[in-house]
file work-v6.pdb (PDB, C-alpha atoms and all ligand atoms)
MODEL        1
ATOM      1  CA  MET A 175      -9.145  10.896  10.963  1.00  0.00           C
ATOM      2  CA  GLN A 176      -8.992  12.786   7.673  1.00  0.00           C
ATOM      3  CA  ASN A 177     -11.939  13.592   5.464  1.00  0.00           C
ATOM      4  CA  SER A 178     -12.077  13.831   1.688  1.00  0.00           C
ATOM      5  CA  ASN A 179     -11.715  17.626   1.730  1.00  0.00           C
ATOM      6  CA  GLU A 180      -8.498  17.383   3.710  1.00  0.00           C
ATOM      7  CA  TRP A 181      -6.968  15.046   1.130  1.00  0.00           C
ATOM      8  CA  GLU A 182      -8.205  17.193  -1.744  1.00  0.00           C
ATOM      9  CA  ASN A 183      -6.786  20.333  -0.093  1.00  0.00           C
ATOM     10  CA  ARG A 184      -3.405  18.655   0.226  1.00  0.00           C
ATOM     11  CA  TYR A 185      -3.332  17.919  -3.510  1.00  0.00           C
ATOM     12  CA  GLN A 186      -4.519  21.419  -4.382  1.00  0.00           C
ATOM     13  CA  GLN A 187      -1.870  22.985  -2.148  1.00  0.00           C
ATOM     14  CA  GLY A 188       0.905  20.647  -3.282  1.00  0.00           C
ATOM     15  CA  GLN A 189       1.350  19.261   0.254  1.00  0.00           C
ATOM     16  CA  THR A 190       2.019  15.733  -0.907  1.00  0.00           C
ATOM     17  CA  GLY A 191       5.161  14.822   0.992  1.00  0.00           C
ATOM     18  CA  TRP A 192       4.393  11.107   0.565  1.00  0.00           C
ATOM     19  CA  ASP A 193       4.764  11.340  -3.206  1.00  0.00           C
ATOM     20  CA  ARG A 194       8.176  10.131  -4.442  1.00  0.00           C
ATOM     21  CA  GLY A 195       7.574  11.715  -7.837  1.00  0.00           C
ATOM     22  CA  ASP A 196       8.391   8.392  -9.450  1.00  0.00           C
ATOM     23  CA  VAL A 197       7.527   4.725  -9.325  1.00  0.00           C
ATOM     24  CA  SER A 198       8.342   2.955  -6.058  1.00  0.00           C
ATOM     25  CA  PRO A 199      11.407   0.676  -6.049  1.00  0.00           C
ATOM     26  CA  ASN A 200       9.212  -1.816  -4.176  1.00  0.00           C
ATOM     27  CA  LEU A 201       6.949  -2.204  -7.177  1.00  0.00           C
ATOM     28  CA  LEU A 202       9.946  -2.512  -9.499  1.00  0.00           C
ATOM     29  CA  HIS A 203      11.305  -5.274  -7.252  1.00  0.00           C
ATOM     30  CA  TRP A 204       8.041  -7.213  -7.437  1.00  0.00           C
ATOM     31  CA  LEU A 205       7.822  -6.758 -11.190  1.00  0.00           C
ATOM     32  CA  GLU A 206      11.433  -7.715 -11.816  1.00  0.00           C
ATOM     33  CA  SER A 207      11.192 -10.787  -9.584  1.00  0.00           C
ATOM     34  CA  GLU A 208       8.002 -11.750 -11.470  1.00  0.00           C
ATOM     35  CA  LEU A 209       6.083 -12.202  -8.234  1.00  0.00           C
ATOM     36  CA  LEU A 210       3.702  -9.686  -9.753  1.00  0.00           C
ATOM     37  CA  LYS A 211       2.719 -10.588 -13.287  1.00  0.00           C
ATOM     38  CA  PRO A 212       0.135  -8.941 -15.571  1.00  0.00           C
ATOM     39  CA  CYS A 213      -3.353  -9.474 -14.121  1.00  0.00           C
ATOM     40  CA  ARG A 214      -6.405  -7.482 -13.029  1.00  0.00           C
ATOM     41  CA  ILE A 215      -5.078  -5.290 -10.205  1.00  0.00           C
ATOM     42  CA  LEU A 216      -6.498  -2.649  -7.858  1.00  0.00           C
ATOM     43  CA  VAL A 217      -4.546   0.344  -6.527  1.00  0.00           C
ATOM     44  CA  PRO A 218      -6.572   1.836  -3.642  1.00  0.00           C
ATOM     45  CA  GLY A 219      -5.647   5.395  -2.597  1.00  0.00           C
ATOM     46  CA  CYS A 220      -3.614   5.716  -5.801  1.00  0.00           C
ATOM     47  CA  GLY A 221      -2.728   9.413  -5.414  1.00  0.00           C
ATOM     48  CA  ASN A 222      -0.850  10.756  -8.430  1.00  0.00           C
ATOM     49  CA  GLY A 223      -0.429   7.142  -9.466  1.00  0.00           C
ATOM     50  CA  HIS A 224       3.178   6.652 -10.559  1.00  0.00           C
ATOM     51  CA  GLU A 225       2.683   2.948  -9.874  1.00  0.00           C
ATOM     52  CA  VAL A 226      -0.591   2.908 -11.848  1.00  0.00           C
ATOM     53  CA  LEU A 227       1.345   4.190 -14.865  1.00  0.00           C
ATOM     54  CA  ALA A 228       4.059   1.558 -14.420  1.00  0.00           C
ATOM     55  CA  LEU A 229       1.489  -1.235 -14.111  1.00  0.00           C
ATOM     56  CA  ALA A 230      -0.490  -0.026 -17.122  1.00  0.00           C
ATOM     57  CA  GLU A 231       2.740   0.153 -19.123  1.00  0.00           C
ATOM     58  CA  LYS A 232       3.488  -3.480 -18.233  1.00  0.00           C
ATOM     59  CA  GLY A 233       0.100  -4.606 -19.544  1.00  0.00           C
ATOM     60  CA  PHE A 234      -1.851  -4.944 -16.295  1.00  0.00           C
ATOM     61  CA  GLU A 235      -5.603  -4.275 -16.252  1.00  0.00           C
ATOM     62  CA  VAL A 236      -5.496  -1.545 -13.607  1.00  0.00           C
ATOM     63  CA  VAL A 237      -8.306  -0.019 -11.577  1.00  0.00           C
ATOM     64  CA  ALA A 238      -7.219   2.914  -9.407  1.00  0.00           C
ATOM     65  CA  ILE A 239      -9.298   4.621  -6.721  1.00  0.00           C
ATOM     66  CA  ASP A 240      -8.826   7.832  -4.824  1.00  0.00           C
ATOM     67  CA  ILE A 241     -11.120  10.078  -2.827  1.00  0.00           C
ATOM     68  CA  ALA A 242      -9.347  13.270  -3.976  1.00  0.00           C
ATOM     69  CA  PRO A 243     -10.599  14.603  -7.344  1.00  0.00           C
ATOM     70  CA  THR A 244      -7.293  16.399  -8.054  1.00  0.00           C
ATOM     71  CA  ALA A 245      -5.298  13.188  -7.629  1.00  0.00           C
ATOM     72  CA  ILE A 246      -7.580  11.420 -10.093  1.00  0.00           C
ATOM     73  CA  GLU A 247      -7.384  14.331 -12.525  1.00  0.00           C
ATOM     74  CA  ASN A 248      -3.567  14.420 -12.324  1.00  0.00           C
ATOM     75  CA  LEU A 249      -3.418  10.705 -13.006  1.00  0.00           C
ATOM     76  CA  ARG A 250      -5.903  10.971 -15.879  1.00  0.00           C
ATOM     77  CA  ASN A 251      -3.643  13.590 -17.486  1.00  0.00           C
ATOM     78  CA  SER A 252      -0.507  11.470 -16.969  1.00  0.00           C
ATOM     79  CA  LEU A 253      -2.198   8.449 -18.548  1.00  0.00           C
ATOM     80  CA  LYS A 254      -3.260  10.557 -21.514  1.00  0.00           C
ATOM     81  CA  THR A 255       0.234  12.018 -21.973  1.00  0.00           C
ATOM     82  CA  ARG A 256       1.773   8.556 -21.954  1.00  0.00           C
ATOM     83  CA  GLN A 257      -1.046   7.030 -24.007  1.00  0.00           C
ATOM     84  CA  LEU A 258      -1.804   4.427 -21.358  1.00  0.00           C
ATOM     85  CA  ASN A 259      -5.070   3.015 -20.070  1.00  0.00           C
ATOM     86  CA  ALA A 260      -6.400   2.427 -16.575  1.00  0.00           C
ATOM     87  CA  GLU A 261      -9.854   2.696 -15.022  1.00  0.00           C
ATOM     88  CA  LEU A 262      -9.922   5.611 -12.581  1.00  0.00           C
ATOM     89  CA  ILE A 263     -12.602   5.936  -9.902  1.00  0.00           C
ATOM     90  CA  GLN A 264     -12.974   8.965  -7.665  1.00  0.00           C
ATOM     91  CA  THR A 265     -14.716   7.623  -4.579  1.00  0.00           C
ATOM     92  CA  ASP A 266     -14.390   6.699  -0.921  1.00  0.00           C
ATOM     93  CA  PHE A 267     -13.143   3.125  -0.963  1.00  0.00           C
ATOM     94  CA  PHE A 268     -15.104   2.354   2.216  1.00  0.00           C
ATOM     95  CA  THR A 269     -18.402   2.846   0.379  1.00  0.00           C
ATOM     96  CA  TRP A 270     -17.309   1.699  -3.092  1.00  0.00           C
ATOM     97  CA  GLU A 271     -19.386  -1.137  -4.535  1.00  0.00           C
ATOM     98  CA  LEU A 272     -17.193  -3.694  -6.195  1.00  0.00           C
ATOM     99  CA  GLU A 273     -18.405  -5.205  -9.468  1.00  0.00           C
ATOM    100  CA  LYS A 274     -15.691  -7.747 -10.195  1.00  0.00           C
ATOM    101  CA  PRO A 275     -13.012  -8.949  -7.742  1.00  0.00           C
ATOM    102  CA  PHE A 276      -9.295  -8.619  -8.407  1.00  0.00           C
ATOM    103  CA  ASP A 277      -6.381 -11.005  -8.848  1.00  0.00           C
ATOM    104  CA  ALA A 278      -4.115  -8.639  -6.934  1.00  0.00           C
ATOM    105  CA  ILE A 279      -3.989  -5.411  -4.942  1.00  0.00           C
ATOM    106  CA  TYR A 280      -1.052  -3.012  -4.751  1.00  0.00           C
ATOM    107  CA  GLU A 281      -1.277  -1.291  -1.352  1.00  0.00           C
ATOM    108  CA  GLN A 282       1.047   1.671  -0.990  1.00  0.00           C
ATOM    109  CA  THR A 283       0.664   4.132   1.886  1.00  0.00           C
ATOM    110  CA  SER A 284      -3.119   3.889   2.031  1.00  0.00           C
ATOM    111  CA  LEU A 285      -3.296   1.823   5.209  1.00  0.00           C
ATOM    112  CA  CYS A 286      -0.864   4.108   7.039  1.00  0.00           C
ATOM    113  CA  ALA A 287      -2.851   7.128   5.875  1.00  0.00           C
ATOM    114  CA  LEU A 288      -5.916   5.823   7.727  1.00  0.00           C
ATOM    115  CA  HIS A 289      -6.419   6.141  11.474  1.00  0.00           C
ATOM    116  CA  PRO A 290      -5.776   2.753  13.189  1.00  0.00           C
ATOM    117  CA  ASP A 291      -9.453   2.763  14.244  1.00  0.00           C
ATOM    118  CA  GLU A 292     -10.264   2.277  10.532  1.00  0.00           C
ATOM    119  CA  TRP A 293      -7.754  -0.492   9.859  1.00  0.00           C
ATOM    120  CA  ALA A 294     -10.082  -3.428  10.609  1.00  0.00           C
ATOM    121  CA  GLU A 295     -12.651  -2.039   8.183  1.00  0.00           C
ATOM    122  CA  TYR A 296      -9.943  -1.488   5.558  1.00  0.00           C
ATOM    123  CA  GLU A 297      -8.663  -5.057   5.983  1.00  0.00           C
ATOM    124  CA  LYS A 298     -12.227  -6.287   5.287  1.00  0.00           C
ATOM    125  CA  CYS A 299     -12.301  -4.185   2.121  1.00  0.00           C
ATOM    126  CA  LEU A 300      -8.952  -5.576   0.926  1.00  0.00           C
ATOM    127  CA  PHE A 301     -10.164  -9.107   1.624  1.00  0.00           C
ATOM    128  CA  ASN A 302     -13.473  -8.600  -0.187  1.00  0.00           C
ATOM    129  CA  TRP A 303     -11.890  -6.882  -3.198  1.00  0.00           C
ATOM    130  CA  LEU A 304      -9.746  -9.948  -3.926  1.00  0.00           C
ATOM    131  CA  LYS A 305     -10.659 -13.225  -5.594  1.00  0.00           C
ATOM    132  CA  PRO A 306     -10.017 -16.412  -3.586  1.00  0.00           C
ATOM    133  CA  LYS A 307      -6.222 -16.876  -3.465  1.00  0.00           C
ATOM    134  CA  GLY A 308      -5.842 -13.268  -4.597  1.00  0.00           C
ATOM    135  CA  LYS A 309      -2.574 -11.540  -3.746  1.00  0.00           C
ATOM    136  CA  LEU A 310      -1.940  -8.459  -1.657  1.00  0.00           C
ATOM    137  CA  PHE A 311       1.325  -6.633  -2.346  1.00  0.00           C
ATOM    138  CA  ALA A 312       1.562  -4.647   0.872  1.00  0.00           C
ATOM    139  CA  GLN A 313       3.928  -2.052   2.196  1.00  0.00           C
ATOM    140  CA  PHE A 314       3.838  -1.357   5.889  1.00  0.00           C
ATOM    141  CA  MET A 315       5.083   2.090   6.840  1.00  0.00           C
ATOM    142  CA  GLN A 316       7.553   2.241   9.722  1.00  0.00           C
ATOM    143  CA  THR A 317       7.657   5.537  11.596  1.00  0.00           C
ATOM    144  CA  GLU A 318       8.086   4.412  15.243  1.00  0.00           C
ATOM    145  CA  GLU A 319       5.777   7.363  16.097  1.00  0.00           C
ATOM    146  CA  GLU A 320       2.414   7.151  17.865  1.00  0.00           C
ATOM    147  CA  SER A 321       0.813   9.938  15.886  1.00  0.00           C
ATOM    148  CA  GLY A 322       0.096  10.196  12.182  1.00  0.00           C
ATOM    149  CA  PRO A 323      -0.673  10.105   9.359  1.00  0.00           C
ATOM    150  CA  PRO A 324       1.367   8.291   8.358  1.00  0.00           C
ATOM    151  CA  PHE A 325       0.632   5.866  11.205  1.00  0.00           C
ATOM    152  CA  HIS A 326       3.231   3.317  12.244  1.00  0.00           C
ATOM    153  CA  CYS A 327       2.300  -0.131  10.882  1.00  0.00           C
ATOM    154  CA  ASP A 328       4.055  -2.255  13.482  1.00  0.00           C
ATOM    155  CA  ILE A 329       4.540  -5.761  12.057  1.00  0.00           C
ATOM    156  CA  PRO A 330       3.099  -7.654  15.101  1.00  0.00           C
ATOM    157  CA  ALA A 331       0.006  -5.404  14.813  1.00  0.00           C
ATOM    158  CA  MET A 332      -0.173  -6.172  11.082  1.00  0.00           C
ATOM    159  CA  ILE A 333      -0.001  -9.909  11.796  1.00  0.00           C
ATOM    160  CA  GLU A 334      -2.968  -9.462  14.151  1.00  0.00           C
ATOM    161  CA  LEU A 335      -4.838  -7.405  11.566  1.00  0.00           C
ATOM    162  CA  PHE A 336      -4.135  -9.715   8.619  1.00  0.00           C
ATOM    163  CA  VAL A 337      -4.870 -12.924  10.516  1.00  0.00           C
ATOM    164  CA  ALA A 338      -3.523 -16.312   9.431  1.00  0.00           C
ATOM    165  CA  GLN A 339      -7.040 -17.721   8.907  1.00  0.00           C
ATOM    166  CA  ARG A 340      -7.586 -15.147   6.161  1.00  0.00           C
ATOM    167  CA  TRP A 341      -4.076 -14.317   4.908  1.00  0.00           C
ATOM    168  CA  GLN A 342      -0.993 -16.360   4.211  1.00  0.00           C
ATOM    169  CA  TRP A 343       2.143 -14.316   4.867  1.00  0.00           C
ATOM    170  CA  SER A 344       5.211 -14.802   2.764  1.00  0.00           C
ATOM    171  CA  GLU A 345       8.133 -13.641   4.877  1.00  0.00           C
ATOM    172  CA  GLN A 346      10.784 -14.643   2.416  1.00  0.00           C
ATOM    173  CA  HIS A 347       9.883 -11.592   0.349  1.00  0.00           C
ATOM    174  CA  GLU A 348      10.320  -9.066   3.142  1.00  0.00           C
ATOM    175  CA  THR A 349      12.591  -6.178   2.200  1.00  0.00           C
ATOM    176  CA  GLU A 350      12.911  -2.648   3.460  1.00  0.00           C
ATOM    177  CA  VAL A 351      12.820   0.407   1.259  1.00  0.00           C
ATOM    178  CA  VAL A 352      13.598   3.888   2.510  1.00  0.00           C
ATOM    179  CA  HIS A 353      10.709   6.278   1.933  1.00  0.00           C
ATOM    180  CA  SER A 354      12.179   9.517   3.215  1.00  0.00           C
ATOM    181  CA  GLU A 355      14.758  10.501   5.851  1.00  0.00           C
ATOM    182  CA  ASN A 356      12.958   9.100   8.884  1.00  0.00           C
ATOM    183  CA  LEU A 357      10.581   6.643   7.293  1.00  0.00           C
ATOM    184  CA  TYR A 358      10.863   3.321   5.623  1.00  0.00           C
ATOM    185  CA  GLU A 359       8.470   0.639   4.446  1.00  0.00           C
ATOM    186  CA  LYS A 360       8.562  -3.102   4.949  1.00  0.00           C
ATOM    187  CA  MET A 361       7.115  -4.903   1.992  1.00  0.00           C
ATOM    188  CA  TYR A 362       5.260  -8.178   2.276  1.00  0.00           C
ATOM    189  CA  PHE A 363       3.432 -10.401  -0.123  1.00  0.00           C
ATOM    190  CA  LEU A 364       0.200 -11.842   1.334  1.00  0.00           C
ATOM    191  CA  GLU A 365      -2.199 -14.308  -0.230  1.00  0.00           C
ATOM    192  CA  LYS A 366      -5.877 -14.552   0.626  1.00  0.00           C
ATOM    193  CA  THR A 367      -6.305 -18.069   2.050  1.00  0.00           C
ATOM    194  CA  LEU A 368      -9.934 -18.631   0.980  1.00  0.00           C
TER     195      LEU A 368
HETATM  196  C1  LIG B 401      -0.552   9.008   1.710  1.00  0.00           C
HETATM  197  S1  LIG B 401      -1.463   9.174   0.241  1.00  0.00           S
HETATM  198  C2  LIG B 401      -0.721   7.923  -0.795  1.00  0.00           C
HETATM  199  C3  LIG B 401      -0.969   8.112  -2.259  1.00  0.00           C
HETATM  200  C4  LIG B 401      -0.243   7.090  -3.168  1.00  0.00           C
HETATM  201  N1  LIG B 401      -0.588   5.730  -2.824  1.00  0.00           N
HETATM  202  C5  LIG B 401       1.249   7.288  -3.102  1.00  0.00           C
HETATM  203  O1  LIG B 401       1.945   6.446  -2.536  1.00  0.00           O
HETATM  204  O2  LIG B 401       1.722   8.328  -3.602  1.00  0.00           O
HETATM  205  C6  LIG B 401      -3.018   8.418   0.663  1.00  0.00           C
HETATM  206  C7  LIG B 401      -4.023   8.500  -0.455  1.00  0.00           C
HETATM  207  O3  LIG B 401      -5.218   7.832  -0.059  1.00  0.00           O
HETATM  208  C8  LIG B 401      -6.333   8.605  -0.462  1.00  0.00           C
HETATM  209  N2  LIG B 401      -7.445   8.269   0.442  1.00  0.00           N
HETATM  210  C9  LIG B 401      -7.514   8.501   1.774  1.00  0.00           C
HETATM  211  N3  LIG B 401      -8.675   8.037   2.266  1.00  0.00           N
HETATM  212  C10 LIG B 401      -9.337   7.485   1.222  1.00  0.00           C
HETATM  213  C11 LIG B 401     -10.597   6.839   1.088  1.00  0.00           C
HETATM  214  N4  LIG B 401     -11.397   6.659   2.152  1.00  0.00           N
HETATM  215  N5  LIG B 401     -10.981   6.390  -0.125  1.00  0.00           N
HETATM  216  C12 LIG B 401     -10.160   6.583  -1.216  1.00  0.00           C
HETATM  217  N6  LIG B 401      -8.958   7.180  -1.144  1.00  0.00           N
HETATM  218  C13 LIG B 401      -8.551   7.630   0.052  1.00  0.00           C
HETATM  219  C14 LIG B 401      -5.868  10.056  -0.355  1.00  0.00           C
HETATM  220  O4  LIG B 401      -6.612  10.946  -1.143  1.00  0.00           O
HETATM  221  C15 LIG B 401      -4.412   9.921  -0.813  1.00  0.00           C
HETATM  222  O5  LIG B 401      -4.281  10.095  -2.206  1.00  0.00           O
ENDMDL
END

call {"tool": "encode", "arguments": {"input": "work-v6.pdb", "output": "structure tokens"}}
result
Amino acid sequence: MQNSNEWENRYQQGQTGWDRGDVSPNLLHWLESELLKPCRILVPGCGNGHEVLALAEKGFEVVAIDIAPTAIENLRNSLKTRQLNAELIQTDFFTWELEKPFDAIYEQTSLCALHPDEWAEYEKCLFNWLKPKGKLFAQFMQTEEESGPPFHCDIPAMIELFVAQRWQWSEQHETEVVHSENLYEKMYFLEKTL
């Protein structure tokens, strides 16, 4: 389990191997296919926020959260440089008090960054942050390793975590996108059933 200082230290020391340095092709796919259309969207664990910038540019109302102050500061500077707007919140998403639920969530490498012992609590957060019928654009990291982070998000385990009573899975949108040499993500589009 990582604490906020560990994440902050990684940003301060430039140890951000997860960061592509650009917007994810997964997000571009969802935008181009119009599965994801401008709406009020949350990006939890946004990091440097390349996807936050892309969403803001496309006219989404974006709220982005991260526990690491440097990540939030970097993103604030990028938004300013590109004259874009998004609401940035530096906080622990497990204790964050939601004011207004979201139409959609873009989940990119936040789940896999958490220890599996925290996944059930994170799933509850994702569920509660969304409006009824809200959409979760999820990417499940595939490492085939037992240790982490990033932790392997085995699809059968994800189906148990995001249970059918609470989430409708849309398998027709599954694709795989390479993340780095040994890692890739499977992307799924889930809808809150209630
Ligand atoms: C692997 S990084 C991914 C960052 C970004 N999504 C990306 O793909 O570049 C995980 C991010 O989650 C943030 N994070 C971890 N635990 C968190 C928590 N409890 N609340 C908010 N953010 C958290 C970290 O600071 C880090 O920026």

call {"tool": "resolve_selection", "arguments": {"input": "work-v6.pdb", "expression": "the PyMOL selection byres (((not hetatm)) within 9 of (chain B and resi 401))", "output": "MDAnalysis selection string"}}
result
chainID A and resid 176:182 184:185 190:198 217:225 239:246 264:270 280:288 296 323:324

call {"tool": "atom_distance", "arguments": {"input": "work-v6.pdb", "atom1": "CA of Leu300 (chain A)", "atom2": "CA of Asp277 (chain A)"}}
result
11.5 Å

call {"tool": "closest_residue", "arguments": {"input": "work-v6.pdb", "among": "A:Asn200, A:Glu261, A:Asn356, A:Asn248", "to": "Gly188 (chain A)", "atoms": "all atoms listed in the file"}}
result
A:Asn248

call {"tool": "resolve_selection", "arguments": {"input": "work-v6.pdb", "expression": "the PyMOL selection byres (((chain A and resi 304) around 7) and not hetatm)", "output": "list in words"}}
result
Pro275, Phe276, Asp277, Ala278, Leu300, Phe301, Asn302, Trp303, Lys305, Pro306 and Gly308 of chain A

call {"tool": "closest_residue", "arguments": {"input": "work-v6.pdb", "among": "A:Glu319, A:Glu297, A:Leu227, A:Lys307", "to": "Ile333 (chain A)", "atoms": "all atoms listed in the file"}}
result
A:Glu297

call {"tool": "closest_residue", "arguments": {"input": "work-v6.pdb", "among": "A:Leu335, A:Leu262, A:Leu216, A:Val237", "to": "Pro290 (chain A)", "atoms": "only C-alpha atoms"}}
result
A:Leu335

call {"tool": "residues_near_point", "arguments": {"input": "work-v6.pdb", "point": "(4.8, -10.2, -8.7)", "cutoff": "10 Å", "atoms": "all atoms listed in the file", "output": "ChimeraX atom specification"}}
result
/A:201-213,278,309-311,363

call {"tool": "atom_distance", "arguments": {"input": "work-v6.pdb", "atom1": "CA of Leu364 (chain A)", "atom2": "CA of Phe325 (chain A)"}}
result
20.3 Å

call {"tool": "atom_distance", "arguments": {"input": "work-v6.pdb", "atom1": "CA of Phe314 (chain A)", "atom2": "CA of Glu365 (chain A)"}}
result
15.5 Å

call {"tool": "closest_residue", "arguments": {"input": "work-v6.pdb", "among": "A:Gln339, A:Ser344, A:Thr349, A:Gln189", "to": "Gln313 (chain A)", "atoms": "only C-alpha atoms"}}
result
A:Thr349
